[in-house]
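Asks: What follows is input33.csv, made up of CSV, C-alpha atoms:
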```csv
chain,number,residue,atom,x,y,z
T,752,MET,CA,1.4,20.2,13.3
T,753,ASN,CA,-1.8,20.3,11.2
T,754,ASP,CA,-4.2,17.4,10.8
T,755,ALA,CA,-2.7,16.1,7.5
T,756,GLU,CA,0.8,16.1,9.1
T,757,GLN,CA,-0.5,14.2,12.2
T,758,ILE,CA,-2.3,11.7,9.9
T,759,LEU,CA,0.8,11.2,7.8
T,760,LYS,CA,3.0,10.7,10.9
T,761,LEU,CA,0.5,8.0,12.1
T,762,ALA,CA,0.4,6.3,8.7
T,763,LEU,CA,4.2,6.2,8.6
T,764,THR,CA,4.4,4.7,12.1
T,765,ILE,CA,1.7,2.1,11.3
T,766,ALA,CA,3.3,1.1,7.9
T,767,HIS,CA,6.7,0.6,9.7
T,768,GLN,CA,5.0,-1.5,12.4
T,769,ALA,CA,3.3,-3.7,9.7
T,770,GLY,CA,6.7,-4.0,8.0
T,771,GLU,CA,8.3,-5.3,11.2
T,772,LEU,CA,5.5,-7.9,11.4
T,773,LEU,CA,5.9,-9.0,7.8
T,774,ILE,CA,9.6,-9.1,7.5
T,775,ASP,CA,9.5,-12.2,9.7
T,776,ARG,CA,8.0,-14.6,7.1
T,777,PRO,CA,6.2,-17.8,8.4
T,778,ALA,CA,7.5,-21.3,8.1
T,779,SER,CA,4.2,-22.5,6.6
T,780,TRP,CA,1.4,-20.8,4.8
T,781,ASN,CA,-2.3,-20.6,4.8
T,782,LEU,CA,-3.4,-19.4,1.4
T,783,THR,CA,-6.8,-18.1,0.3
T,784,VAL,CA,-7.4,-17.9,-3.5
T,785,LYS,CA,-9.4,-14.8,-4.4
T,786,SER,CA,-10.3,-13.9,-8.0
T,787,THR,CA,-7.8,-16.1,-9.8
T,788,ALA,CA,-5.0,-18.7,-8.9
T,789,ILE,CA,-2.5,-15.9,-8.8
T,790,ASP,CA,-4.7,-13.5,-6.7
T,791,ILE,CA,-4.0,-14.8,-3.2
T,792,ALA,CA,-4.0,-13.8,0.4
T,793,THR,CA,-1.9,-15.3,3.1
T,794,GLN,CA,-2.3,-15.4,6.9
T,795,MET,CA,0.2,-12.5,6.9
T,796,ASP,CA,-2.0,-10.3,4.7
T,797,HIS,CA,-4.8,-10.8,7.3
T,798,ALA,CA,-2.4,-10.3,10.3
T,799,SER,CA,-1.0,-7.1,8.7
T,800,GLU,CA,-4.4,-5.7,8.0
T,801,LYS,CA,-5.5,-6.4,11.6
T,802,LEU,CA,-2.4,-4.7,13.0
T,803,ILE,CA,-3.1,-1.7,10.7
T,804,VAL,CA,-6.8,-1.4,11.5
T,805,ASP,CA,-6.3,-1.9,15.2
T,806,ALA,CA,-3.7,0.9,15.3
T,807,ILE,CA,-5.9,3.3,13.2
T,808,LEU,CA,-8.9,2.7,15.4
T,809,ALA,CA,-6.8,3.1,18.6
T,810,ALA,CA,-5.7,6.6,17.4
T,811,ARG,CA,-8.7,7.7,15.3
T,812,PRO,CA,-11.9,5.8,16.2
T,813,SER,CA,-14.1,8.0,14.0
T,814,ASP,CA,-12.3,7.3,10.7
T,815,GLY,CA,-13.6,5.0,8.0
T,816,ILE,CA,-11.5,2.1,6.7
T,817,ILE,CA,-11.4,0.1,3.5
T,818,GLY,CA,-9.0,-2.8,3.5
T,819,GLU,CA,-8.1,-5.2,0.7
T,820,GLU,CA,-8.6,-8.2,2.9
T,821,GLY,CA,-12.1,-7.3,4.0
T,822,ALA,CA,-11.9,-4.5,6.6
T,823,ASN,CA,-14.7,-2.2,5.9
T,824,ARG,CA,-15.9,0.4,8.3
T,825,THR,CA,-17.9,3.6,7.6
T,826,GLY,CA,-16.6,6.5,9.7
T,827,THR,CA,-18.0,9.8,10.9
T,828,SER,CA,-14.9,12.0,10.6
T,829,GLY,CA,-15.0,12.4,6.9
T,830,LEU,CA,-11.7,10.6,6.6
T,831,THR,CA,-11.3,7.0,5.1
T,832,TRP,CA,-8.1,4.9,5.3
T,833,VAL,CA,-7.5,2.7,2.3
T,834,ILE,CA,-5.2,-0.2,3.1
T,835,ASP,CA,-3.3,-2.8,1.1
T,836,PRO,CA,-1.6,-4.7,4.0
T,837,VAL,CA,0.7,-6.6,1.6
T,838,ASP,CA,0.9,-4.9,-1.8
T,839,GLY,CA,2.5,-7.6,-3.9
T,840,THR,CA,1.4,-10.7,-2.0
T,841,VAL,CA,2.7,-13.1,-4.7
T,842,ASN,CA,6.1,-11.6,-4.4
T,843,TYR,CA,5.9,-11.8,-0.6
T,844,PHE,CA,4.8,-15.4,-0.7
T,845,TYR,CA,7.7,-16.4,-3.0
T,846,GLY,CA,10.3,-14.5,-1.0
T,847,LEU,CA,10.9,-11.8,-3.6
T,848,PRO,CA,11.5,-8.2,-2.5
T,849,GLY,CA,8.8,-6.6,-4.7
T,850,TRP,CA,6.2,-6.1,-2.0
T,851,SER,CA,5.2,-3.3,0.4
T,852,ILE,CA,2.6,-2.0,2.8
T,853,SER,CA,0.4,0.7,1.2
T,854,ILE,CA,-1.7,3.1,3.3
T,855,ALA,CA,-3.7,6.1,2.0
T,856,VAL,CA,-6.1,8.5,3.6
T,857,LYS,CA,-8.8,10.3,1.6
T,858,ASP,CA,-11.3,13.0,2.4
T,859,GLU,CA,-14.1,14.6,0.4
T,860,SER,CA,-11.5,16.3,-1.9
T,861,GLY,CA,-9.6,13.0,-2.6
T,862,ALA,CA,-6.2,11.7,-1.5
T,863,LEU,CA,-4.9,13.5,1.6
T,864,VAL,CA,-1.8,11.3,2.5
T,865,GLY,CA,-0.2,8.2,1.1
T,866,VAL,CA,2.5,5.9,2.4
T,867,VAL,CA,4.2,3.0,0.7
T,868,HIS,CA,6.7,1.2,2.8
T,869,SER,CA,9.1,-1.5,1.5
T,870,PRO,CA,10.8,-3.3,4.4
T,871,THR,CA,13.0,-5.4,2.1
T,872,THR,CA,14.6,-2.3,0.5
T,873,ASN,CA,14.3,0.0,3.6
T,874,SER,CA,12.4,2.4,1.3
T,875,THR,CA,9.5,4.5,2.4
T,876,TRP,CA,7.7,6.8,-0.1
T,877,TYR,CA,5.2,9.2,1.3
T,878,ALA,CA,3.2,12.3,0.3
T,879,SER,CA,0.6,14.6,1.5
T,880,ARG,CA,-1.7,17.0,-0.3
T,881,GLY,CA,0.3,20.2,-0.8
T,882,GLY,CA,3.3,18.8,1.1
T,883,GLY,CA,5.3,17.2,-1.7
T,884,ALA,CA,6.4,13.6,-2.1
T,885,PHE,CA,9.4,12.0,-0.4
T,886,LEU,CA,11.5,8.9,-0.5
T,887,ASN,CA,13.2,8.2,2.9
T,888,ASP,CA,12.8,11.9,3.8
T,889,VAL,CA,14.4,13.2,0.6
T,890,LYS,CA,12.1,15.2,-1.6
T,891,ILE,CA,11.2,13.5,-4.9
T,892,GLU,CA,11.8,15.7,-8.0
T,893,CYS,CA,10.7,15.1,-11.5
T,894,ASN,CA,13.4,14.5,-14.0
T,895,ASN,CA,13.9,16.5,-17.2
T,896,PRO,CA,11.9,15.3,-20.2
T,897,ILE,CA,13.7,12.8,-22.4
T,898,GLU,CA,13.1,11.5,-25.9
T,899,LEU,CA,10.5,8.7,-26.2
T,900,ASN,CA,13.2,6.3,-27.7
T,901,ARG,CA,15.0,6.6,-24.4
T,902,ALA,CA,12.0,6.3,-22.1
T,903,LEU,CA,11.5,3.5,-19.6
T,904,LEU,CA,8.1,1.8,-19.6
T,905,SER,CA,7.0,-0.1,-16.5
T,906,THR,CA,3.8,-1.9,-16.2
T,907,GLY,CA,1.9,-4.4,-14.1
T,908,PHE,CA,-0.5,-7.0,-15.4
T,909,ALA,CA,-4.0,-7.9,-14.2
T,910,TYR,CA,-4.9,-11.1,-12.5
T,911,ALA,CA,-7.5,-12.2,-15.1
T,912,LEU,CA,-5.9,-13.9,-18.1
T,913,LYS,CA,-8.3,-12.2,-20.6
T,914,THR,CA,-7.3,-8.8,-19.3
T,915,ARG,CA,-3.6,-9.7,-19.4
T,916,GLU,CA,-3.9,-10.7,-23.0
T,917,GLU,CA,-5.5,-7.3,-23.9
T,918,GLN,CA,-2.7,-5.5,-21.9
T,919,LEU,CA,-0.1,-7.4,-23.8
T,920,LYS,CA,-1.5,-6.3,-27.2
T,921,ILE,CA,-1.2,-2.7,-26.0
T,922,VAL,CA,2.4,-3.1,-24.8
```
Could you express the structure from this file as structure tokens?
Replies:
Amino acid sequence: MNDAEQILKLALTIAHQAGELLIDRPASWNLTVKSTAIDIATQMDHASEKLIVDAILAARPSDGIIGEEGANRTGTSGLTWVIDPVDGTVNYFYGLPGWSISIAVKDESGALVGVVHSPTTNSTWYASRGGGAFLNDVKIECNNPIELNRALLSTGFAYALKTREEQLKIV
């Protein structure tokens, strides 16, 4: 098993551990408003990030870490973990299924591995540089091109109202 495979295996394990923590939603909430009223963090965002960071450092103490909720550590190994401990916090807060745990690792050449785990749908997407992309261990394949009038467009919108207005004009 090469280094990227070992790192991917670790990222998958950690994402599933965070999912087990998050699937058990709390009875009451501690919310922190970040950039706007709909850009929030809960105590579960912080608990998930702590679990992820602690697991990374236990296995790879020389790696760097950037976490959405504030974890920031410069490493010496040349690898940096980029973490969104609850990707889709608003959905998570409201009990909607559209949230996940997102973990990536980058090196000097860019993205090395990435994992997105959705506990509510039992779905895990993952990829590694040169290793392909998978959904629940099934290789993801591109579909055949289709006509634009049959294309599906999916988008997300920014937290800032001004930016959302600009996005709406484009769509």
Asks: Could you give me, as an NGL selection string, the residues within 6 Å of Gly826 in chain T, counting all atoms listed in the file and dropping anything in the same chain fewer than 2 positions from it?
Replies: :T and (813-815 or 828)
Asks: Mind giving me the straight-line distance from CA of Thr871 in chain T to CA of Val837 in chain T in Å, one decimal?
Replies: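 Those two atoms sit 12.4 Å apart.
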Asks: May I have the residues at most 8 Å from (-8.6, -1.7, -2.7) in the file's coordinates, counting only C-alpha atoms, as an MDAnalysis selection string?
Replies: chainID T and resid 817:819 833:835
Asks: For the residues selected in the previous step, produce a file with C-alpha atoms as a JSON list (two decimals), in the frame of the given file.
Replies:
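As a result, again-v2.json now contains:
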```json
[["chain", "number", "residue", "atom", "x", "y", "z"],
["T", 817, "ILE", "CA", -11.40, 0.10, 3.50],
["T", 818, "GLY", "CA", -9.00, -2.80, 3.50],
["T", 819, "GLU", "CA", -8.10, -5.20, 0.70],
["T", 833, "VAL", "CA", -7.50, 2.70, 2.30],
["T", 834, "ILE", "CA", -5.20, -0.20, 3.10],
["T", 835, "ASP", "CA", -3.30, -2.80, 1.10]]
```
Asks: Restricting the calculation to only C-alpha atoms: of T:Leu808, T:Gly839, T:His868, T:Lys801, which residue gets closest to Gly821 in chain T?
Replies: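 The closest residue to Gly821 in chain T is T:Lys801.
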Asks: Of the residues T:Leu919, T:Val867, T:Leu782, T:Ser874, which is the one nearest to Gly907 in chain T, using all atoms listed in the file?
Replies: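 For Gly907 in chain T, the nearest of the given residues is T:Leu919.
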Asks: Can you build me a table of range 797-907 of chain T residues sitting at most 10 Å from range 755-772 of chain T, with the closest atom pair per residue and its distance in Å to one decimal, using only C-alpha atoms, sorted by chain and residue number, as a tab-separated table?
Replies:
```
residue	atom	partner	partner_atom	distance
T:Ala798	CA	T:Leu772	CA	8.3
T:Ser799	CA	T:Ala769	CA	5.6
T:Glu800	CA	T:Ala769	CA	8.1
T:Lys801	CA	T:Ala769	CA	9.4
T:Leu802	CA	T:Ala769	CA	6.7
T:Ile803	CA	T:Ile765	CA	6.2
T:Val804	CA	T:Ile765	CA	9.2
T:Asp805	CA	T:Ile765	CA	9.8
T:Ala806	CA	T:Ile765	CA	6.8
T:Ile807	CA	T:Ile765	CA	7.9
T:Ala810	CA	T:Leu761	CA	8.3
T:Arg811	CA	T:Ile758	CA	9.3
T:Trp832	CA	T:Ala762	CA	9.3
T:Ile834	CA	T:Ala766	CA	9.8
T:Pro836	CA	T:Ala769	CA	7.6
T:Val837	CA	T:Ala769	CA	9.0
T:Ser851	CA	T:Gly770	CA	7.8
T:Ile852	CA	T:Ala766	CA	6.0
T:Ser853	CA	T:Ala766	CA	7.3
T:Ile854	CA	T:Ala762	CA	6.6
T:Ala855	CA	T:Ala762	CA	7.9
T:Val856	CA	T:Ile758	CA	8.0
T:Leu863	CA	T:Ala755	CA	6.8
T:Val864	CA	T:Leu759	CA	5.9
T:Gly865	CA	T:Leu759	CA	7.4
T:Val866	CA	T:Leu763	CA	6.4
T:Val867	CA	T:Ala766	CA	7.5
T:His868	CA	T:Ala766	CA	6.1
T:Ser869	CA	T:Gly770	CA	7.4
T:Pro870	CA	T:Gly770	CA	5.5
T:Thr871	CA	T:Gly770	CA	8.7
T:Asn873	CA	T:Gly770	CA	9.6
T:Thr875	CA	T:Leu763	CA	8.3
T:Trp876	CA	T:Leu763	CA	9.4
T:Tyr877	CA	T:Leu763	CA	8.0
T:Ala878	CA	T:Leu759	CA	8.0
T:Ser879	CA	T:Ala755	CA	7.0
T:Arg880	CA	T:Ala755	CA	7.9
T:Gly881	CA	T:Ala755	CA	9.7
T:Gly882	CA	T:Glu756	CA	8.8
```
Asks: With C-alpha atoms retained, could you export that selection as an mmCIF file, in the coordinates of the input?
Replies:
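Wrote part-v4.cif, looks like this:
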```cif
data_model
loop_
_atom_site.group_PDB
_atom_site.id
_atom_site.type_symbol
_atom_site.label_atom_id
_atom_site.label_comp_id
_atom_site.auth_asym_id
_atom_site.auth_seq_id
_atom_site.Cartn_x
_atom_site.Cartn_y
_atom_site.Cartn_z
ATOM 1 C CA ALA T 798 -2.400 -10.300 10.300
ATOM 2 C CA SER T 799 -1.000 -7.100 8.700
ATOM 3 C CA GLU T 800 -4.400 -5.700 8.000
ATOM 4 C CA LYS T 801 -5.500 -6.400 11.600
ATOM 5 C CA LEU T 802 -2.400 -4.700 13.000
ATOM 6 C CA ILE T 803 -3.100 -1.700 10.700
ATOM 7 C CA VAL T 804 -6.800 -1.400 11.500
ATOM 8 C CA ASP T 805 -6.300 -1.900 15.200
ATOM 9 C CA ALA T 806 -3.700 0.900 15.300
ATOM 10 C CA ILE T 807 -5.900 3.300 13.200
ATOM 11 C CA ALA T 810 -5.700 6.600 17.400
ATOM 12 C CA ARG T 811 -8.700 7.700 15.300
ATOM 13 C CA TRP T 832 -8.100 4.900 5.300
ATOM 14 C CA ILE T 834 -5.200 -0.200 3.100
ATOM 15 C CA PRO T 836 -1.600 -4.700 4.000
ATOM 16 C CA VAL T 837 0.700 -6.600 1.600
ATOM 17 C CA SER T 851 5.200 -3.300 0.400
ATOM 18 C CA ILE T 852 2.600 -2.000 2.800
ATOM 19 C CA SER T 853 0.400 0.700 1.200
ATOM 20 C CA ILE T 854 -1.700 3.100 3.300
ATOM 21 C CA ALA T 855 -3.700 6.100 2.000
ATOM 22 C CA VAL T 856 -6.100 8.500 3.600
ATOM 23 C CA LEU T 863 -4.900 13.500 1.600
ATOM 24 C CA VAL T 864 -1.800 11.300 2.500
ATOM 25 C CA GLY T 865 -0.200 8.200 1.100
ATOM 26 C CA VAL T 866 2.500 5.900 2.400
ATOM 27 C CA VAL T 867 4.200 3.000 0.700
ATOM 28 C CA HIS T 868 6.700 1.200 2.800
ATOM 29 C CA SER T 869 9.100 -1.500 1.500
ATOM 30 C CA PRO T 870 10.800 -3.300 4.400
ATOM 31 C CA THR T 871 13.000 -5.400 2.100
ATOM 32 C CA ASN T 873 14.300 0.000 3.600
ATOM 33 C CA THR T 875 9.500 4.500 2.400
ATOM 34 C CA TRP T 876 7.700 6.800 -0.100
ATOM 35 C CA TYR T 877 5.200 9.200 1.300
ATOM 36 C CA ALA T 878 3.200 12.300 0.300
ATOM 37 C CA SER T 879 0.600 14.600 1.500
ATOM 38 C CA ARG T 880 -1.700 17.000 -0.300
ATOM 39 C CA GLY T 881 0.300 20.200 -0.800
ATOM 40 C CA GLY T 882 3.300 18.800 1.100
#
```
Asks: Against range 783-792 of chain T, which residues of range 799-913 of chain T fall within 8 Å? For each one I want the closest pair of atoms and the distance in Å (one decimal), counting only C-alpha atoms, rows by chain and increasing residue number, as JSON lines.
Replies:
```
{"residue": "T:Glu820", "atom": "CA", "partner": "T:Ala792", "partner_atom": "CA", "distance": 7.7}
{"residue": "T:Thr840", "atom": "CA", "partner": "T:Ala792", "partner_atom": "CA", "distance": 6.7}
{"residue": "T:Val841", "atom": "CA", "partner": "T:Ile791", "partner_atom": "CA", "distance": 7.1}
{"residue": "T:Tyr910", "atom": "CA", "partner": "T:Asp790", "partner_atom": "CA", "distance": 6.3}
{"residue": "T:Ala911", "atom": "CA", "partner": "T:Thr787", "partner_atom": "CA", "distance": 6.6}
```
Asks: So how far away is CA of Met795 in chain T from CA of Ser779 in chain T, in Å?
Replies: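 CA of Met795 in chain T lies at a distance of 10.8 Å from CA of Ser779 in chain T.
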Asks: Could you work out how far CA of Asn894 in chain T lies from CA of Gly861 in chain T, giving the answer in Å with one decimal?
Replies: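 Computing it gives 25.7 Å between the two atoms.
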Asks: Would you mind completing range 834-867 of chain T to N, CA and C atoms and writing the output as a PDB file, keeping the file's coordinate frame?
Replies:
```
ATOM      1  N   ILE T 834      -6.324   0.625   2.657  1.00  0.00           N
ATOM      2  CA  ILE T 834      -5.200  -0.200   3.100  1.00  0.00           C
ATOM      3  C   ILE T 834      -4.971  -1.366   2.129  1.00  0.00           C
ATOM      4  N   ASP T 835      -3.739  -1.557   1.719  1.00  0.00           N
ATOM      5  CA  ASP T 835      -3.300  -2.800   1.100  1.00  0.00           C
ATOM      6  C   ASP T 835      -2.202  -3.327   2.036  1.00  0.00           C
ATOM      7  N   PRO T 836      -2.527  -4.283   2.915  1.00  0.00           N
ATOM      8  CA  PRO T 836      -1.600  -4.700   4.000  1.00  0.00           C
ATOM      9  C   PRO T 836      -0.349  -5.403   3.474  1.00  0.00           C
ATOM     10  N   VAL T 837      -0.443  -6.057   2.321  1.00  0.00           N
ATOM     11  CA  VAL T 837       0.700  -6.600   1.600  1.00  0.00           C
ATOM     12  C   VAL T 837       0.494  -6.384   0.150  1.00  0.00           C
ATOM     13  N   ASP T 838       1.026  -5.292  -0.348  1.00  0.00           N
ATOM     14  CA  ASP T 838       0.900  -4.900  -1.800  1.00  0.00           C
ATOM     15  C   ASP T 838       1.973  -5.710  -2.510  1.00  0.00           C
ATOM     16  N   GLY T 839       1.555  -6.746  -3.231  1.00  0.00           N
ATOM     17  CA  GLY T 839       2.500  -7.600  -3.900  1.00  0.00           C
ATOM     18  C   GLY T 839       2.599  -8.971  -3.148  1.00  0.00           C
ATOM     19  N   THR T 840       1.442  -9.506  -2.781  1.00  0.00           N
ATOM     20  CA  THR T 840       1.400 -10.700  -2.000  1.00  0.00           C
ATOM     21  C   THR T 840       2.124 -11.900  -2.681  1.00  0.00           C
ATOM     22  N   VAL T 841       1.992 -12.033  -3.993  1.00  0.00           N
ATOM     23  CA  VAL T 841       2.700 -13.100  -4.700  1.00  0.00           C
ATOM     24  C   VAL T 841       4.174 -13.024  -4.507  1.00  0.00           C
ATOM     25  N   ASN T 842       4.717 -11.834  -4.664  1.00  0.00           N
ATOM     26  CA  ASN T 842       6.100 -11.600  -4.400  1.00  0.00           C
ATOM     27  C   ASN T 842       6.510 -11.978  -2.985  1.00  0.00           C
ATOM     28  N   TYR T 843       5.696 -11.521  -2.045  1.00  0.00           N
ATOM     29  CA  TYR T 843       5.900 -11.800  -0.600  1.00  0.00           C
ATOM     30  C   TYR T 843       5.949 -13.315  -0.386  1.00  0.00           C
ATOM     31  N   PHE T 844       4.956 -13.999  -0.919  1.00  0.00           N
ATOM     32  CA  PHE T 844       4.800 -15.400  -0.700  1.00  0.00           C
ATOM     33  C   PHE T 844       6.070 -16.177  -1.272  1.00  0.00           C
ATOM     34  N   TYR T 845       6.581 -15.752  -2.418  1.00  0.00           N
ATOM     35  CA  TYR T 845       7.700 -16.400  -3.000  1.00  0.00           C
ATOM     36  C   TYR T 845       9.090 -15.887  -2.501  1.00  0.00           C
ATOM     37  N   GLY T 846       9.059 -14.975  -1.549  1.00  0.00           N
ATOM     38  CA  GLY T 846      10.300 -14.500  -1.000  1.00  0.00           C
ATOM     39  C   GLY T 846      11.026 -13.457  -1.822  1.00  0.00           C
ATOM     40  N   LEU T 847      10.311 -12.844  -2.754  1.00  0.00           N
ATOM     41  CA  LEU T 847      10.900 -11.800  -3.600  1.00  0.00           C
ATOM     42  C   LEU T 847      10.732 -10.443  -2.946  1.00  0.00           C
ATOM     43  N   PRO T 848      11.592  -9.489  -3.241  1.00  0.00           N
ATOM     44  CA  PRO T 848      11.500  -8.200  -2.500  1.00  0.00           C
ATOM     45  C   PRO T 848      10.457  -7.237  -3.017  1.00  0.00           C
ATOM     46  N   GLY T 849       9.756  -7.521  -4.091  1.00  0.00           N
ATOM     47  CA  GLY T 849       8.800  -6.600  -4.700  1.00  0.00           C
ATOM     48  C   GLY T 849       7.454  -6.532  -3.980  1.00  0.00           C
ATOM     49  N   TRP T 850       7.427  -6.239  -2.688  1.00  0.00           N
ATOM     50  CA  TRP T 850       6.200  -6.100  -2.000  1.00  0.00           C
ATOM     51  C   TRP T 850       6.308  -4.926  -0.981  1.00  0.00           C
ATOM     52  N   SER T 851       5.183  -4.426  -0.541  1.00  0.00           N
ATOM     53  CA  SER T 851       5.200  -3.300   0.400  1.00  0.00           C
ATOM     54  C   SER T 851       3.905  -3.226   1.145  1.00  0.00           C
ATOM     55  N   ILE T 852       3.833  -2.274   2.025  1.00  0.00           N
ATOM     56  CA  ILE T 852       2.600  -2.000   2.800  1.00  0.00           C
ATOM     57  C   ILE T 852       2.147  -0.612   2.195  1.00  0.00           C
ATOM     58  N   SER T 853       0.896  -0.542   1.750  1.00  0.00           N
ATOM     59  CA  SER T 853       0.400   0.700   1.200  1.00  0.00           C
ATOM     60  C   SER T 853      -0.796   1.199   2.008  1.00  0.00           C
ATOM     61  N   ILE T 854      -0.703   2.436   2.432  1.00  0.00           N
ATOM     62  CA  ILE T 854      -1.700   3.100   3.300  1.00  0.00           C
ATOM     63  C   ILE T 854      -2.004   4.456   2.706  1.00  0.00           C
ATOM     64  N   ALA T 855      -3.270   4.752   2.469  1.00  0.00           N
ATOM     65  CA  ALA T 855      -3.700   6.100   2.000  1.00  0.00           C
ATOM     66  C   ALA T 855      -4.821   6.566   2.891  1.00  0.00           C
ATOM     67  N   VAL T 856      -4.997   7.856   2.945  1.00  0.00           N
ATOM     68  CA  VAL T 856      -6.100   8.500   3.600  1.00  0.00           C
ATOM     69  C   VAL T 856      -6.762   9.451   2.671  1.00  0.00           C
ATOM     70  N   LYS T 857      -8.085   9.355   2.534  1.00  0.00           N
ATOM     71  CA  LYS T 857      -8.800  10.300   1.600  1.00  0.00           C
ATOM     72  C   LYS T 857      -9.870  11.013   2.409  1.00  0.00           C
ATOM     73  N   ASP T 858     -10.199  12.179   1.883  1.00  0.00           N
ATOM     74  CA  ASP T 858     -11.300  13.000   2.400  1.00  0.00           C
ATOM     75  C   ASP T 858     -12.226  13.327   1.254  1.00  0.00           C
ATOM     76  N   GLU T 859     -13.114  14.278   1.463  1.00  0.00           N
ATOM     77  CA  GLU T 859     -14.100  14.600   0.400  1.00  0.00           C
ATOM     78  C   GLU T 859     -13.424  15.205  -0.826  1.00  0.00           C
ATOM     79  N   SER T 860     -12.194  15.694  -0.709  1.00  0.00           N
ATOM     80  CA  SER T 860     -11.500  16.300  -1.900  1.00  0.00           C
ATOM     81  C   SER T 860     -10.579  15.260  -2.566  1.00  0.00           C
ATOM     82  N   GLY T 861     -10.452  14.064  -2.024  1.00  0.00           N
ATOM     83  CA  GLY T 861      -9.600  13.000  -2.600  1.00  0.00           C
ATOM     84  C   GLY T 861      -8.477  12.629  -1.703  1.00  0.00           C
ATOM     85  N   ALA T 862      -7.344  12.240  -2.284  1.00  0.00           N
ATOM     86  CA  ALA T 862      -6.200  11.700  -1.500  1.00  0.00           C
ATOM     87  C   ALA T 862      -5.659  12.854  -0.600  1.00  0.00           C
ATOM     88  N   LEU T 863      -5.478  12.526   0.667  1.00  0.00           N
ATOM     89  CA  LEU T 863      -4.900  13.500   1.600  1.00  0.00           C
ATOM     90  C   LEU T 863      -3.455  13.102   1.938  1.00  0.00           C
ATOM     91  N   VAL T 864      -3.212  11.832   2.253  1.00  0.00           N
ATOM     92  CA  VAL T 864      -1.800  11.300   2.500  1.00  0.00           C
ATOM     93  C   VAL T 864      -1.713   9.953   1.887  1.00  0.00           C
ATOM     94  N   GLY T 865      -0.495   9.582   1.604  1.00  0.00           N
ATOM     95  CA  GLY T 865      -0.200   8.200   1.100  1.00  0.00           C
ATOM     96  C   GLY T 865       1.163   7.792   1.583  1.00  0.00           C
ATOM     97  N   VAL T 866       1.265   6.501   1.932  1.00  0.00           N
ATOM     98  CA  VAL T 866       2.500   5.900   2.400  1.00  0.00           C
ATOM     99  C   VAL T 866       2.685   4.564   1.706  1.00  0.00           C
ATOM    100  N   VAL T 867       3.862   4.308   1.161  1.00  0.00           N
ATOM    101  CA  VAL T 867       4.200   3.000   0.700  1.00  0.00           C
ATOM    102  C   VAL T 867       5.554   2.639   1.316  1.00  0.00           C
TER     103      VAL T 867
END
```
